[in-house]
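File shown here: structure-v2.cif, holding mmCIF, C-alpha atoms; chains and numbers go by the auth columns.
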data_query
#
loop_
_atom_site.group_PDB
_atom_site.id
_atom_site.type_symbol
_atom_site.label_atom_id
_atom_site.label_comp_id
_atom_site.label_asym_id
_atom_site.label_seq_id
_atom_site.Cartn_x
_atom_site.Cartn_y
_atom_site.Cartn_z
_atom_site.B_iso_or_equiv
_atom_site.auth_seq_id
_atom_site.auth_asym_id
ATOM 1 C CA MET A 1 15.916 11.738 9.581 0.00 285 A
ATOM 2 C CA ASN A 2 13.280 13.905 7.974 0.00 286 A
ATOM 3 C CA LYS A 3 9.664 12.803 7.511 0.00 287 A
ATOM 4 C CA ARG A 4 10.236 11.489 3.962 0.00 288 A
ATOM 5 C CA GLU A 5 13.253 9.419 5.044 0.00 289 A
ATOM 6 C CA VAL A 6 11.288 7.953 7.947 0.00 290 A
ATOM 7 C CA GLY A 7 8.449 7.038 5.562 0.00 291 A
ATOM 8 C CA LYS A 8 10.839 5.353 3.126 0.00 292 A
ATOM 9 C CA ALA A 9 12.463 3.368 5.942 0.00 293 A
ATOM 10 C CA TYR A 10 9.110 2.017 7.123 0.00 294 A
ATOM 11 C CA GLU A 11 7.965 1.281 3.570 0.00 295 A
ATOM 12 C CA LYS A 12 11.132 -0.816 3.214 0.00 296 A
ATOM 13 C CA ARG A 13 10.309 -2.569 6.491 0.00 297 A
ATOM 14 C CA ALA A 14 6.780 -3.286 5.257 0.00 298 A
ATOM 15 C CA GLU A 15 8.189 -4.621 1.989 0.00 299 A
ATOM 16 C CA GLU A 16 10.499 -7.022 3.808 0.00 300 A
ATOM 17 C CA TYR A 17 7.618 -8.195 5.997 0.00 301 A
ATOM 18 C CA LEU A 18 5.381 -8.821 2.967 0.00 302 A
ATOM 19 C CA LYS A 19 8.134 -10.742 1.169 0.00 303 A
ATOM 20 C CA GLU A 20 8.468 -13.020 4.208 0.00 304 A
ATOM 21 C CA GLN A 21 4.740 -13.773 3.817 0.00 305 A
ATOM 22 C CA GLY A 22 5.139 -14.812 0.157 0.00 306 A
ATOM 23 C CA PHE A 23 4.315 -11.446 -1.419 0.00 307 A
ATOM 24 C CA ARG A 24 6.130 -10.656 -4.699 0.00 308 A
ATOM 25 C CA ILE A 25 6.903 -6.956 -5.214 0.00 309 A
ATOM 26 C CA LEU A 26 6.408 -5.495 -8.701 0.00 310 A
ATOM 27 C CA GLU A 27 6.610 -1.749 -8.061 0.00 311 A
ATOM 28 C CA ARG A 28 7.641 0.616 -5.296 0.00 312 A
ATOM 29 C CA ASN A 29 6.263 4.147 -5.025 0.00 313 A
ATOM 30 C CA PHE A 30 4.261 4.124 -8.270 0.00 314 A
ATOM 31 C CA ARG A 31 3.549 7.825 -8.884 0.00 315 A
ATOM 32 C CA VAL A 32 1.256 9.648 -11.254 0.00 316 A
ATOM 33 C CA ARG A 33 -0.276 13.115 -11.106 0.00 317 A
ATOM 34 C CA GLN A 34 -3.251 11.763 -9.121 0.00 318 A
ATOM 35 C CA GLY A 35 -1.090 10.354 -6.325 0.00 319 A
ATOM 36 C CA GLU A 36 1.088 7.431 -5.305 0.00 320 A
ATOM 37 C CA ILE A 37 0.791 3.784 -4.324 0.00 321 A
ATOM 38 C CA ASP A 38 3.494 2.630 -1.927 0.00 322 A
ATOM 39 C CA LEU A 39 3.799 -1.002 -3.079 0.00 323 A
ATOM 40 C CA ILE A 40 2.291 -3.083 -5.871 0.00 324 A
ATOM 41 C CA GLY A 41 2.737 -6.819 -6.093 0.00 325 A
ATOM 42 C CA TYR A 42 1.290 -10.307 -6.339 0.00 326 A
ATOM 43 C CA HIS A 43 -0.064 -12.378 -3.492 0.00 327 A
ATOM 44 C CA LYS A 44 -2.247 -15.490 -3.597 0.00 328 A
ATOM 45 C CA GLY A 45 -3.081 -14.994 -7.286 0.00 329 A
ATOM 46 C CA ALA A 46 -4.123 -11.357 -6.936 0.00 330 A
ATOM 47 C CA LEU A 47 -2.592 -8.077 -8.000 0.00 331 A
ATOM 48 C CA VAL A 48 -2.322 -6.081 -4.768 0.00 332 A
ATOM 49 C CA PHE A 49 -2.062 -2.337 -4.190 0.00 333 A
ATOM 50 C CA VAL A 50 -0.577 -1.632 -0.757 0.00 334 A
ATOM 51 C CA GLU A 51 -0.726 1.516 1.356 0.00 335 A
ATOM 52 C CA VAL A 52 1.848 1.645 4.175 0.00 336 A
ATOM 53 C CA LYS A 53 1.099 3.784 7.233 0.00 337 A
ATOM 54 C CA TYR A 54 3.397 4.375 10.203 0.00 338 A
ATOM 55 C CA ARG A 55 2.894 5.931 13.618 0.00 339 A
ATOM 56 C CA LYS A 56 5.514 6.102 16.362 0.00 340 A
ATOM 57 C CA ASP A 57 2.800 5.345 18.916 0.00 341 A
ATOM 58 C CA LYS A 58 -0.990 5.441 19.325 0.00 342 A
ATOM 59 C CA ARG A 59 -1.200 9.001 20.696 0.00 343 A
ATOM 60 C CA LYS A 60 -2.228 10.408 17.309 0.00 344 A
ATOM 61 C CA GLY A 61 -4.418 7.423 16.459 0.00 345 A
ATOM 62 C CA LEU A 62 -3.761 4.109 14.803 0.00 346 A
ATOM 63 C CA PRO A 63 -1.901 4.203 11.498 0.00 347 A
ATOM 64 C CA GLU A 64 -4.669 2.348 9.649 0.00 348 A
ATOM 65 C CA GLU A 65 -7.124 5.098 10.620 0.00 349 A
ATOM 66 C CA ALA A 66 -5.197 7.437 8.316 0.00 350 A
ATOM 67 C CA VAL A 67 -6.427 5.485 5.279 0.00 351 A
ATOM 68 C CA THR A 68 -9.572 7.592 5.023 0.00 352 A
ATOM 69 C CA ALA A 69 -12.296 7.375 2.386 0.00 353 A
ATOM 70 C CA ALA A 70 -10.572 10.212 0.507 0.00 354 A
ATOM 71 C CA LYS A 71 -7.248 8.338 0.600 0.00 355 A
ATOM 72 C CA GLN A 72 -9.011 5.169 -0.614 0.00 356 A
ATOM 73 C CA ARG A 73 -10.478 7.094 -3.587 0.00 357 A
ATOM 74 C CA GLN A 74 -7.043 8.487 -4.412 0.00 358 A
ATOM 75 C CA ILE A 75 -5.402 5.050 -4.262 0.00 359 A
ATOM 76 C CA SER A 76 -8.199 3.622 -6.446 0.00 360 A
ATOM 77 C CA LYS A 77 -7.616 6.336 -9.082 0.00 361 A
ATOM 78 C CA VAL A 78 -3.886 5.623 -9.154 0.00 362 A
ATOM 79 C CA ALA A 79 -4.602 1.875 -9.390 0.00 363 A
ATOM 80 C CA GLU A 80 -6.867 2.500 -12.406 0.00 364 A
ATOM 81 C CA PHE A 81 -4.011 4.344 -14.094 0.00 365 A
ATOM 82 C CA TYR A 82 -1.607 1.497 -13.279 0.00 366 A
ATOM 83 C CA LEU A 83 -4.046 -1.005 -14.796 0.00 367 A
ATOM 84 C CA MET A 84 -4.313 1.075 -17.981 0.00 368 A
ATOM 85 C CA LEU A 85 -0.532 0.893 -18.319 0.00 369 A
ATOM 86 C CA HIS A 86 -0.328 -2.784 -17.284 0.00 370 A
ATOM 87 C CA PRO A 87 -3.508 -4.586 -18.374 0.00 371 A
ATOM 88 C CA ILE A 88 -4.299 -7.765 -16.467 0.00 372 A
ATOM 89 C CA THR A 89 -4.836 -10.833 -18.566 0.00 373 A
ATOM 90 C CA GLY A 90 -6.895 -13.806 -17.552 0.00 374 A
ATOM 91 C CA ARG A 91 -8.938 -13.945 -14.382 0.00 375 A
ATOM 92 C CA MET A 92 -6.596 -12.252 -11.940 0.00 376 A
ATOM 93 C CA SER A 93 -8.330 -10.203 -9.287 0.00 377 A
ATOM 94 C CA CYS A 94 -7.135 -7.004 -7.628 0.00 378 A
ATOM 95 C CA ARG A 95 -7.249 -6.022 -4.002 0.00 379 A
ATOM 96 C CA TYR A 96 -6.266 -3.170 -1.733 0.00 380 A
ATOM 97 C CA ASP A 97 -4.217 -3.904 1.380 0.00 381 A
ATOM 98 C CA VAL A 98 -2.921 -1.735 4.213 0.00 382 A
ATOM 99 C CA VAL A 99 0.234 -2.394 6.210 0.00 383 A
ATOM 100 C CA ALA A 100 0.040 -0.498 9.493 0.00 384 A
ATOM 101 C CA ILE A 101 3.183 -0.069 11.566 0.00 385 A
ATOM 102 C CA CYS A 102 2.764 1.282 15.086 0.00 386 A
ATOM 103 C CA GLY A 103 6.044 1.424 16.949 0.00 387 A
ATOM 104 C CA GLU A 104 7.550 -1.987 16.262 0.00 388 A
ATOM 105 C CA GLU A 105 4.234 -3.782 15.625 0.00 389 A
ATOM 106 C CA ILE A 106 3.258 -4.591 12.027 0.00 390 A
ATOM 107 C CA THR A 107 -0.342 -5.397 11.103 0.00 391 A
ATOM 108 C CA TRP A 108 -1.238 -6.429 7.556 0.00 392 A
ATOM 109 C CA TYR A 109 -4.849 -5.870 6.521 0.00 393 A
ATOM 110 C CA GLU A 110 -5.557 -7.918 3.427 0.00 394 A
ATOM 111 C CA ASN A 111 -8.501 -6.652 1.383 0.00 395 A
ATOM 112 C CA ALA A 112 -8.637 -3.582 3.637 0.00 396 A
ATOM 113 C CA PHE A 113 -11.053 -1.729 1.372 0.00 397 A
ATOM 114 C CA MET A 114 -12.961 -2.129 -1.866 0.00 398 A
ATOM 115 C CA HIS A 115 -12.229 -0.190 -5.060 0.00 399 A
ATOM 116 C CA GLN A 116 -13.615 3.324 -4.756 0.00 400 A
ATOM 117 C CA GLY A 117 -14.852 4.129 -8.264 0.00 401 A
ATOM 118 C CA ILE A 118 -16.138 7.526 -9.158 0.00 402 A
#

Take the structure in the file and give it back as structure tokens.
Amino acid sequence: MNKREVGKAYEKRAEEYLKEQGFRILERNFRVRQGEIDLIGYHKGALVFVEVKYRKDKRKGLPEEAVTAAKQRQISKVAEFYLMLHPITGRMSCRYDVVAICGEEITWYENAFMHQGI
């Protein structure tokens, strides 16, 4: 498998894990010129933007460490574009989660970072 295929396989694994936890998927791989958000869905009354990161092992660092400040800004920009296309009605909140997969271990960080506005 090439790098893209590996990424897609682990995004699918993360999606299945989130569904088991009561997460409802709305979008997969939402792409715009500014970047991509791996998964978008609803959980506990919030609209959630999810970044999935995978590492085979810890030798190159933990997967969640790859969600840098620059990556958070990029995800926030893409989320703003998504919200322009799909306005939220009512009092629904938004949050940013990270699903980190290291080997076979999955860790879900709810509210992993705050919106990074410019």

A:Ile385, A:Val290, A:Ala363, A:Ile390 ranked by distance to Leu323 in chain A, top pick (using only C-alpha atoms): A:Ala363

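Between CA of Leu331 in chain A and CA of Met376 in chain A lies a distance of 7.0 Å.
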
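CA of Lys355 in chain A lies 14.9 Å from CA of Tyr338 in chain A.
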
Rounded to one decimal place, report the CA of Arg317 in chain A-CA of Arg379 in chain A distance in Å.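 Computed distance, CA of Arg317 in chain A to CA of Arg379 in chain A, equals 21.6 Å.
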
Using all atoms listed in the file, which of A:Asp381, A:Glu295, A:Glu320, A:Glu349 sits nearest Val362 in chain A?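 Nearest candidate to Val362 in chain A out of A:Asp381, A:Glu295, A:Glu320, A:Glu349: A:Glu320.
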
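Distances to Gly387 in chain A were evaluated for A:His327, A:Arg357, A:Arg343, A:His370 using only C-alpha atoms, and the minimum falls at A:Arg343.
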
Range 357-363 of chain A, all listed atoms, 4 Å padding on each side: what axis-aligned box centre and edge lengths in Å to one decimal come out, as AutoDock Vina command-line options?
--center_x -7.2 --center_y 5.2 --center_z -6.5 --size_x 14.6 --size_y 14.6 --size_z 13.8

Quick one: of A:Met398, A:Leu346, A:Val351, A:Ala384, who's nearest to Tyr301 in chain A, counting only C-alpha atoms? A:Ala384

Step by step, work through what the PyMOL selection byres ((chain A and resi 325) around 7) selects in the shown file, and finish by giving those residues as a VMD selection string. chain A and resid 307 to 311 323 to 324 326 to 327 331 to 333

Near range 335-337 of chain A, counting only C-alpha atoms, which residues have an atom at most 6 Å away, once you skip same-chain residues fewer than 3 positions from it, shown as a PyMOL selection string? chain A and resi 322+347+382-384

Okay, now the selection with C-alpha atoms, as an mmCIF file, keeping the file's coordinate frame?
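Okay, this is what ended up in out_4.cif:
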data_model
loop_
_atom_site.group_PDB
_atom_site.id
_atom_site.type_symbol
_atom_site.label_atom_id
_atom_site.label_comp_id
_atom_site.auth_asym_id
_atom_site.auth_seq_id
_atom_site.Cartn_x
_atom_site.Cartn_y
_atom_site.Cartn_z
ATOM 1 C CA ASP A 322 3.494 2.630 -1.927
ATOM 2 C CA PRO A 347 -1.901 4.203 11.498
ATOM 3 C CA VAL A 382 -2.921 -1.735 4.213
ATOM 4 C CA VAL A 383 0.234 -2.394 6.210
ATOM 5 C CA ALA A 384 0.040 -0.498 9.493
#

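Nearest residue to Ser360 in chain A, choosing from A:Glu389, A:Ala396, A:Gly401, A:Ile372 and counting only C-alpha atoms: A:Gly401.
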
Ranking A:Arg339, A:Lys328, A:Lys287, A:Lys292 by minimum distance to Gly306 in chain A and counting only C-alpha atoms, which one comes first?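 So, comparing all the options, the nearest one is A:Lys328.
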